[in-house]
Amino acid sequence: MRALITGITGFVGSYLAEFLLESGRPEGDGASIQVFGTVRWRSRTENIDHLRDRVQLVECDLKDLSSVRNTLSEVQPDYIFHLAAQSFVVTSWHAPADTLANNILSQLNLFEAARQLRIEPRIQIAGSSEEYGLTYPHELPIKETNPLRPLSPYAVSKVTQDLMGFQYFRSYGLPIIRTRAFNHSGPRRGDVFVESNFAKQVAEIEKGLRPPVIKVGNLEAKRDYTDVRDIVRGYWLALEKGDPGSVYNLCSGKALAISEVLDVYLQESGIKVTVEQDSSRMRPSDVPVLVGDSTLFREKTGWTPKIPFRDTLKEILNYWRARVPTKV
Ligand code: GDD
């Protein structure tokens, strides 16, 4: 069993690699999985440094079709987990063309390379709850059939990836399974994302590295959070048990206001802070509430999240406590 992860050096990719290496084929014959991952020459590899002797890295620029074709020809994957993407919504406002080009062309090259080589690996496409964008109260919790009303260039790129997955399945029979994961997190999460950013600020305040002022954006937004380790297990199950051509929500079904994320950290820490809205952290159009319904996926695969998200938040805080320097 050969699995290729695009974006293996990213936050989610590193957890998926760990999962595949540790689990073998839990549902199958127990055989071990050979894990391959694409990297670019400038990729930062600290997320997978602890796995370097157990995964095989292949230099590949997903925006270059010949590079992708060579990679697929060399690796001959049974499964492809397509995680590589520009994943920060805010960056997509600053560089919309780059986000669209990167996310859409990379996937197009993956599909075209598979077609040209006449190989048919099962391919998981990492879509996002951001695709739903604007939702109305009567639509919650959101099912896969909900209209897609994307509110950022990032979300448009993910809608395009999603629909392209459908189209390549219908047009050419490529066994593509689309997942729409809602927010997911854990230690190693990039510090631009809210739950990681707030934890880092708290850890810095605890060590006297910054005044007791937490900078925030929109605290009213609500998101549906799951631990990243539960999500990568879901990605695996999607390829093992999902139906090609289908799309599945992966989520907890519980809404958490961003203000509550901050409250958890402040309770854990006990520090007294002033909360200050920073206008640069506000978005031109933010998604107000995302809470999903993953019944379809749970019934198809037996998946269910196992890690309480409050535990995840505590782990993220401890992760940053161990990393921010001590004031000298
Ligand atoms: N980043 C950030 N920083 N967000 C803030 C802040 C802040 O200081 N304050 C409030 N927020 C709000 C944002 O406005 C948004 O409503 C929410 O916190 C979450 O923002 P992010 O953590 O940046 O994540 P996201 O929901 O936009 O996107 C993430 O989840 C998607 C899945 O739903 C990313 O991981 C995407 O790649 C992913 O697709």
# chains A, B, ... in the order shown; residues from 1 in each chain; ligands from 1
$ closest_atom_pairs --of "chain A" --to "ligand 1" --cutoff "6 Å" --atoms "only C-alpha atoms and all ligand atoms" --output "CSV"
residue,atom,partner,partner_atom_place_in_ligand_line,distance
A:Ser87,CA,ligand 1,37 (O),3.8
A:Phe88,CA,ligand 1,37 (O),5.2
A:Val89,CA,ligand 1,27 (O),5.1
A:Ser128,CA,ligand 1,39 (O),4.3
A:Ser129,CA,ligand 1,33 (O),4.3
A:Glu130,CA,ligand 1,33 (O),4.9
A:Phe182,CA,ligand 1,33 (O),4.1
A:Asn183,CA,ligand 1,32 (C),4.0
A:Val192,CA,ligand 1,1 (N),5.2
A:Phe193,CA,ligand 1,22 (O),3.6
A:Val194,CA,ligand 1,22 (O),3.8
A:Val216,CA,ligand 1,8 (O),4.1
A:Gly217,CA,ligand 1,9 (N),3.3
A:Asn218,CA,ligand 1,10 (C),4.0
A:Leu219,CA,ligand 1,10 (C),4.9
A:Ala221,CA,ligand 1,16 (O),4.7
A:Ile258,CA,ligand 1,18 (O),5.7
A:Arg281,CA,ligand 1,8 (O),5.4
A:Asp286,CA,ligand 1,14 (O),5.7
A:Val287,CA,ligand 1,16 (O),5.9
$ write_last_selection --atoms "N, CA and C atoms" --output "JSON list (two decimals), in the first residue's frame"
[["chain", "number", "residue", "atom", "x", "y", "z"],
["A", 87, "SER", "N", -3.83, 27.90, 2.66],
["A", 87, "SER", "CA", -4.98, 27.58, 3.51],
["A", 87, "SER", "C", -5.43, 28.70, 4.44],
["A", 88, "PHE", "N", -4.79, 29.86, 4.38],
["A", 88, "PHE", "CA", -5.16, 30.94, 5.31],
["A", 88, "PHE", "C", -6.09, 31.92, 4.59],
["A", 89, "VAL", "N", -7.31, 32.03, 5.12],
["A", 89, "VAL", "CA", -8.33, 32.87, 4.47],
["A", 89, "VAL", "C", -7.83, 34.30, 4.29],
["A", 128, "SER", "N", -13.46, 22.27, 2.28],
["A", 128, "SER", "CA", -13.54, 23.02, 3.54],
["A", 128, "SER", "C", -14.96, 23.49, 3.82],
["A", 129, "SER", "N", -15.27, 23.64, 5.11],
["A", 129, "SER", "CA", -16.55, 24.23, 5.50],
["A", 129, "SER", "C", -16.68, 25.66, 4.98],
["A", 130, "GLU", "N", -15.53, 26.30, 4.69],
["A", 130, "GLU", "CA", -15.58, 27.66, 4.14],
["A", 130, "GLU", "C", -16.35, 27.71, 2.82],
["A", 182, "PHE", "N", -14.58, 20.77, 8.64],
["A", 182, "PHE", "CA", -14.77, 22.03, 9.36],
["A", 182, "PHE", "C", -13.47, 22.29, 10.13],
["A", 183, "ASN", "N", -13.42, 23.36, 10.92],
["A", 183, "ASN", "CA", -12.14, 23.75, 11.53],
["A", 183, "ASN", "C", -11.53, 22.62, 12.35],
["A", 192, "VAL", "N", -0.98, 31.87, 12.73],
["A", 192, "VAL", "CA", -1.91, 32.86, 12.16],
["A", 192, "VAL", "C", -3.36, 32.49, 12.44],
["A", 193, "PHE", "N", -3.62, 31.21, 12.69],
["A", 193, "PHE", "CA", -5.00, 30.76, 12.91],
["A", 193, "PHE", "C", -5.43, 31.07, 14.34],
["A", 194, "VAL", "N", -6.69, 31.38, 14.52],
["A", 194, "VAL", "CA", -7.11, 32.06, 15.75],
["A", 194, "VAL", "C", -6.79, 31.27, 17.01],
["A", 216, "VAL", "N", -7.42, 40.87, 19.11],
["A", 216, "VAL", "CA", -8.40, 39.95, 18.52],
["A", 216, "VAL", "C", -9.04, 40.55, 17.27],
["A", 217, "GLY", "N", -9.68, 39.70, 16.51],
["A", 217, "GLY", "CA", -10.53, 40.12, 15.40],
["A", 217, "GLY", "C", -11.99, 39.94, 15.82],
["A", 218, "ASN", "N", -12.74, 39.27, 14.97],
["A", 218, "ASN", "CA", -14.18, 39.09, 15.21],
["A", 218, "ASN", "C", -14.43, 37.94, 16.19],
["A", 219, "LEU", "N", -14.78, 38.28, 17.42],
["A", 219, "LEU", "CA", -14.99, 37.24, 18.44],
["A", 219, "LEU", "C", -16.38, 36.62, 18.37],
["A", 221, "ALA", "N", -17.83, 35.34, 15.70],
["A", 221, "ALA", "CA", -17.96, 34.23, 14.75],
["A", 221, "ALA", "C", -18.03, 32.91, 15.50],
["A", 258, "ILE", "N", -15.80, 32.18, 18.89],
["A", 258, "ILE", "CA", -14.36, 32.46, 19.03],
["A", 258, "ILE", "C", -14.08, 33.08, 20.41],
["A", 281, "ARG", "N", -7.29, 42.64, 11.92],
["A", 281, "ARG", "CA", -7.72, 41.24, 12.07],
["A", 281, "ARG", "C", -9.19, 41.04, 11.64],
["A", 286, "ASP", "N", -16.70, 38.13, 6.82],
["A", 286, "ASP", "CA", -16.38, 36.95, 7.61],
["A", 286, "ASP", "C", -17.57, 36.00, 7.58],
["A", 287, "VAL", "N", -17.29, 34.72, 7.69],
["A", 287, "VAL", "CA", -18.38, 33.74, 7.76],
["A", 287, "VAL", "C", -18.89, 33.74, 9.20]]
$ select_by_dssp --residues "segment 12-207 of chain A" --states "alpha helix (DSSP H)" --output "PyMOL selection string"
chain A and resi 12-23+65-75+89-94+96-117+153-172+194-206
$ residues_around --residues "Gln161 of chain A" --least-positions-apart "5" --cutoff "9 Å" --atoms "only C-alpha atoms" --output "list in words"
Asn103, Ile104, Gln107, Leu108, Ile125, Ala126, Gly127, Val156 and Phe166 of chain A
$ write_last_selection --atoms "all heavy atoms" --output "compact mmCIF listing (two decimals), in the first residue's frame"
# COMPACT_ATOMS: atom_id res chain seq x y z
N ASN A 103 -4.22 26.88 -5.64
CA ASN A 103 -5.10 25.80 -5.20
C ASN A 103 -5.79 25.08 -6.36
O ASN A 103 -5.98 23.87 -6.32
CB ASN A 103 -6.13 26.36 -4.20
CG ASN A 103 -5.47 26.84 -2.91
OD1 ASN A 103 -4.26 26.77 -2.76
ND2 ASN A 103 -6.27 27.34 -1.98
N ILE A 104 -6.15 25.83 -7.37
CA ILE A 104 -6.87 25.22 -8.50
C ILE A 104 -5.91 24.48 -9.44
O ILE A 104 -6.13 23.32 -9.79
CB ILE A 104 -7.69 26.29 -9.26
CG1 ILE A 104 -8.77 26.87 -8.32
CG2 ILE A 104 -8.32 25.70 -10.52
CD1 ILE A 104 -9.45 28.12 -8.83
N GLN A 107 -4.34 21.11 -8.19
CA GLN A 107 -5.23 19.95 -8.26
C GLN A 107 -5.49 19.51 -9.70
O GLN A 107 -5.56 18.32 -10.00
CB GLN A 107 -6.54 20.28 -7.56
CG GLN A 107 -7.45 19.06 -7.49
CD GLN A 107 -8.70 19.35 -6.71
OE1 GLN A 107 -8.65 19.57 -5.51
NE2 GLN A 107 -9.83 19.39 -7.40
N LEU A 108 -5.63 20.50 -10.57
CA LEU A 108 -5.82 20.17 -11.99
C LEU A 108 -4.65 19.32 -12.49
O LEU A 108 -4.83 18.32 -13.19
CB LEU A 108 -5.93 21.48 -12.79
CG LEU A 108 -6.25 21.34 -14.27
CD1 LEU A 108 -7.63 20.74 -14.47
CD2 LEU A 108 -6.17 22.70 -14.95
N ILE A 125 -9.84 14.72 -1.74
CA ILE A 125 -9.72 16.16 -1.96
C ILE A 125 -10.11 16.87 -0.67
O ILE A 125 -11.21 16.70 -0.17
CB ILE A 125 -10.69 16.60 -3.09
CG1 ILE A 125 -10.30 15.94 -4.41
CG2 ILE A 125 -10.73 18.11 -3.23
CD1 ILE A 125 -8.88 16.17 -4.80
N ALA A 126 -9.19 17.69 -0.15
CA ALA A 126 -9.46 18.38 1.11
C ALA A 126 -10.24 19.67 0.86
O ALA A 126 -9.67 20.75 0.70
CB ALA A 126 -8.16 18.68 1.85
N GLY A 127 -11.55 19.54 0.82
CA GLY A 127 -12.42 20.72 0.76
C GLY A 127 -12.56 21.30 2.15
O GLY A 127 -11.89 20.88 3.10
N VAL A 156 -13.64 30.40 -2.58
CA VAL A 156 -13.91 30.16 -4.00
C VAL A 156 -12.94 29.12 -4.55
O VAL A 156 -13.33 28.22 -5.32
CB VAL A 156 -13.82 31.48 -4.81
CG1 VAL A 156 -13.89 31.21 -6.31
CG2 VAL A 156 -14.94 32.43 -4.39
N PHE A 166 -15.71 16.54 -8.57
CA PHE A 166 -16.94 15.93 -9.08
C PHE A 166 -16.84 15.73 -10.60
O PHE A 166 -17.15 14.66 -11.13
CB PHE A 166 -18.13 16.84 -8.74
CG PHE A 166 -19.42 16.38 -9.35
CD1 PHE A 166 -20.11 15.30 -8.80
CD2 PHE A 166 -19.93 17.00 -10.48
CE1 PHE A 166 -21.30 14.86 -9.37
CE2 PHE A 166 -21.12 16.56 -11.06
CZ PHE A 166 -21.81 15.49 -10.50
$ closest_residue --among "A:Trp236, A:Phe19, A:Phe297, A:Phe198" --to "Leu317 of chain A" --atoms "only C-alpha atoms"
A:Phe198
$ residues_around --residues "segment 302-305 of chain A" --least-positions-apart "5" --cutoff "8 Å" --atoms "only C-alpha atoms" --output "MDAnalysis selection string"
chainID A and resid 226:227 230:231 234 237 251:252 297
$ residues_around --residues "Glu299 of chain A" --least-positions-apart "4" --cutoff "12 Å" --atoms "only C-alpha atoms" --output "list in words"
Leu237, Ala238, Lys241, Gly242, Tyr248, Asn249, Leu250, Asp293, Ser294, Thr295, Trp303 and Thr304 of chain A
$ write_last_selection --atoms "C-alpha atoms" --output "short mmCIF file (atom, residue, chain, number, x, y, z; two decimals), in the first residue's frame"
data_model
loop_
_atom_site.label_atom_id
_atom_site.label_comp_id
_atom_site.auth_asym_id
_atom_site.auth_seq_id
_atom_site.Cartn_x
_atom_site.Cartn_y
_atom_site.Cartn_z
CA LEU A 237 -11.65 6.34 6.26
CA ALA A 238 -12.87 8.49 3.38
CA LYS A 241 -14.86 3.34 2.77
CA GLY A 242 -16.17 6.43 0.99
CA TYR A 248 -18.69 14.26 3.01
CA ASN A 249 -18.73 16.74 5.89
CA LEU A 250 -16.25 16.03 8.69
CA ASP A 293 -23.89 17.75 10.11
CA SER A 294 -21.60 14.75 9.44
CA THR A 295 -24.29 12.06 9.60
CA TRP A 303 -16.18 7.70 12.01
CA THR A 304 -16.72 9.74 15.11
#
$ residues_around --residues "Glu240 of chain A" --least-positions-apart "6" --cutoff "12 Å" --atoms "only C-alpha atoms" --output "short mmCIF file (atom, residue, chain, number, x, y, z; two decimals) with N, CA, C and O atoms, in the first residue's frame"
data_model
loop_
_atom_site.label_atom_id
_atom_site.label_comp_id
_atom_site.auth_asym_id
_atom_site.auth_seq_id
_atom_site.Cartn_x
_atom_site.Cartn_y
_atom_site.Cartn_z
N MET A 1 0.86 -1.20 0.00
CA MET A 1 0.00 0.00 0.00
C MET A 1 0.89 1.24 0.00
O MET A 1 1.70 1.42 0.88
N ALA A 3 0.93 5.34 -0.15
CA ALA A 3 0.10 6.54 0.01
C ALA A 3 0.96 7.78 -0.24
O ALA A 3 2.06 7.90 0.30
N ARG A 25 -2.84 -0.53 8.04
CA ARG A 25 -4.21 -0.50 7.48
C ARG A 25 -5.14 -1.06 8.53
O ARG A 25 -5.40 -2.26 8.56
N PRO A 26 -5.65 -0.18 9.44
CA PRO A 26 -6.42 -0.70 10.56
C PRO A 26 -7.64 -1.51 10.14
O PRO A 26 -8.00 -2.47 10.79
N GLU A 27 -8.24 -1.15 9.04
CA GLU A 27 -9.47 -1.83 8.63
C GLU A 27 -9.17 -3.01 7.72
O GLU A 27 -10.03 -3.79 7.39
N GLY A 28 -7.92 -3.08 7.24
CA GLY A 28 -7.63 -4.09 6.22
C GLY A 28 -6.80 -5.22 6.77
O GLY A 28 -7.08 -5.77 7.83
N ASP A 78 -1.29 4.14 -4.47
CA ASP A 78 -2.64 3.55 -4.42
C ASP A 78 -3.63 4.61 -3.94
O ASP A 78 -4.77 4.65 -4.39
N TYR A 79 -3.16 5.40 -2.96
CA TYR A 79 -3.99 6.47 -2.40
C TYR A 79 -3.26 7.80 -2.53
O TYR A 79 -2.05 7.87 -2.29
N ILE A 80 -4.00 8.85 -2.85
CA ILE A 80 -3.43 10.20 -2.80
C ILE A 80 -4.30 11.04 -1.85
O ILE A 80 -5.53 11.09 -2.01
N PHE A 81 -3.66 11.66 -0.89
CA PHE A 81 -4.34 12.62 -0.01
C PHE A 81 -3.88 13.99 -0.48
O PHE A 81 -2.71 14.35 -0.32
N PRO A 121 -5.41 5.99 -8.89
CA PRO A 121 -5.36 5.96 -7.43
C PRO A 121 -6.64 6.56 -6.86
O PRO A 121 -7.27 7.40 -7.50
N ARG A 122 -7.04 6.10 -5.66
CA ARG A 122 -8.15 6.78 -5.00
C ARG A 122 -7.61 8.11 -4.48
O ARG A 122 -6.54 8.14 -3.86
N ILE A 123 -8.34 9.18 -4.75
CA ILE A 123 -7.84 10.53 -4.41
C ILE A 123 -8.80 11.22 -3.46
O ILE A 123 -10.00 11.34 -3.76
N GLN A 124 -8.26 11.68 -2.32
CA GLN A 124 -9.07 12.47 -1.38
C GLN A 124 -8.78 13.94 -1.63
O GLN A 124 -7.62 14.37 -1.71
N PRO A 175 -11.42 7.81 -9.31
CA PRO A 175 -12.05 7.55 -8.01
C PRO A 175 -11.72 8.63 -6.98
O PRO A 175 -10.86 8.45 -6.12
N ILE A 176 -12.44 9.72 -7.08
CA ILE A 176 -12.18 10.91 -6.24
C ILE A 176 -13.23 10.99 -5.14
O ILE A 176 -14.43 10.89 -5.40
N ILE A 177 -12.77 11.19 -3.91
CA ILE A 177 -13.69 11.36 -2.77
C ILE A 177 -13.43 12.73 -2.17
O ILE A 177 -12.29 13.06 -1.81
N ARG A 233 -7.83 10.79 10.67
CA ARG A 233 -8.40 9.45 10.66
C ARG A 233 -9.62 9.42 9.72
O ARG A 233 -9.86 8.47 8.99
N GLY A 234 -10.35 10.52 9.71
CA GLY A 234 -11.48 10.64 8.80
C GLY A 234 -11.03 10.63 7.34
O GLY A 234 -11.66 9.99 6.49
N LYS A 300 -21.56 6.17 6.79
CA LYS A 300 -20.81 5.46 5.73
C LYS A 300 -19.57 4.77 6.28
O LYS A 300 -19.20 3.67 5.85
N THR A 301 -18.89 5.42 7.24
CA THR A 301 -17.56 4.93 7.64
C THR A 301 -17.45 4.52 9.10
O THR A 301 -16.43 3.95 9.49
N GLY A 302 -18.43 4.88 9.93
CA GLY A 302 -18.32 4.60 11.36
C GLY A 302 -17.47 5.62 12.11
O GLY A 302 -17.22 5.48 13.31
N TRP A 303 -17.04 6.67 11.40
CA TRP A 303 -16.18 7.70 12.01
C TRP A 303 -16.92 8.47 13.09
O TRP A 303 -18.11 8.74 12.95
#
$ residues_around --residues "Arg310 of chain A" --least-positions-apart "3" --cutoff "8 Å" --atoms "only C-alpha atoms" --output "list in words"
Val264, Leu313 and Lys314 of chain A
$ atom_distance --atom1 "atom CA of Pro150 of chain A" --atom2 "atom CA of Tyr15 of chain A"
27.3 Å
$ atom_distance --atom1 "atom CA of Ser279 of chain A" --atom2 "atom CA of Glu131 of chain A"
24.6 Å
$ select_by_dssp --residues "segment 71-103 of chain A" --states "strand (DSSP E or B)" --output "JSON, numbers by chain"
{"A": [79, 80, 81, 82]}
$ write_last_selection --atoms "N, CA, C and O atoms" --output "compact mmCIF listing (two decimals), in the first residue's frame"
# COMPACT_ATOMS: atom_id res chain seq x y z
N TYR A 79 -3.16 5.40 -2.96
CA TYR A 79 -3.99 6.47 -2.40
C TYR A 79 -3.26 7.80 -2.53
O TYR A 79 -2.05 7.87 -2.29
N ILE A 80 -4.00 8.85 -2.85
CA ILE A 80 -3.43 10.20 -2.80
C ILE A 80 -4.30 11.04 -1.85
O ILE A 80 -5.53 11.09 -2.01
N PHE A 81 -3.66 11.66 -0.89
CA PHE A 81 -4.34 12.62 -0.01
C PHE A 81 -3.88 13.99 -0.48
O PHE A 81 -2.71 14.35 -0.32
N HIS A 82 -4.81 14.76 -1.04
CA HIS A 82 -4.40 16.06 -1.61
C HIS A 82 -4.69 17.18 -0.61
O HIS A 82 -5.78 17.75 -0.58
$ closest_residue --among "A:Ala255, A:Ala85, A:Leu209, A:Leu4" --to "Val289 of chain A" --atoms "only C-alpha atoms"
A:Ala255
$ closest_residue --among "A:Val75, A:Ile119, A:Leu134, A:Val291" --to "Tyr172 of chain A" --atoms "only C-alpha atoms"
A:Ile119
$ atom_distance --atom1 "atom CA of Ser43 of chain A" --atom2 "atom CA of Asn70 of chain A"
18.8 Å
$ closest_residue --among "A:Lys215, A:Arg178, A:Arg298, A:Arg54" --to "Pro244 of chain A" --atoms "only C-alpha atoms"
A:Arg178
$ closest_residue --among "A:Ile142, A:Leu174, A:Ala203, A:Val232" --to "Leu296 of chain A" --atoms "only C-alpha atoms"
A:Ile142
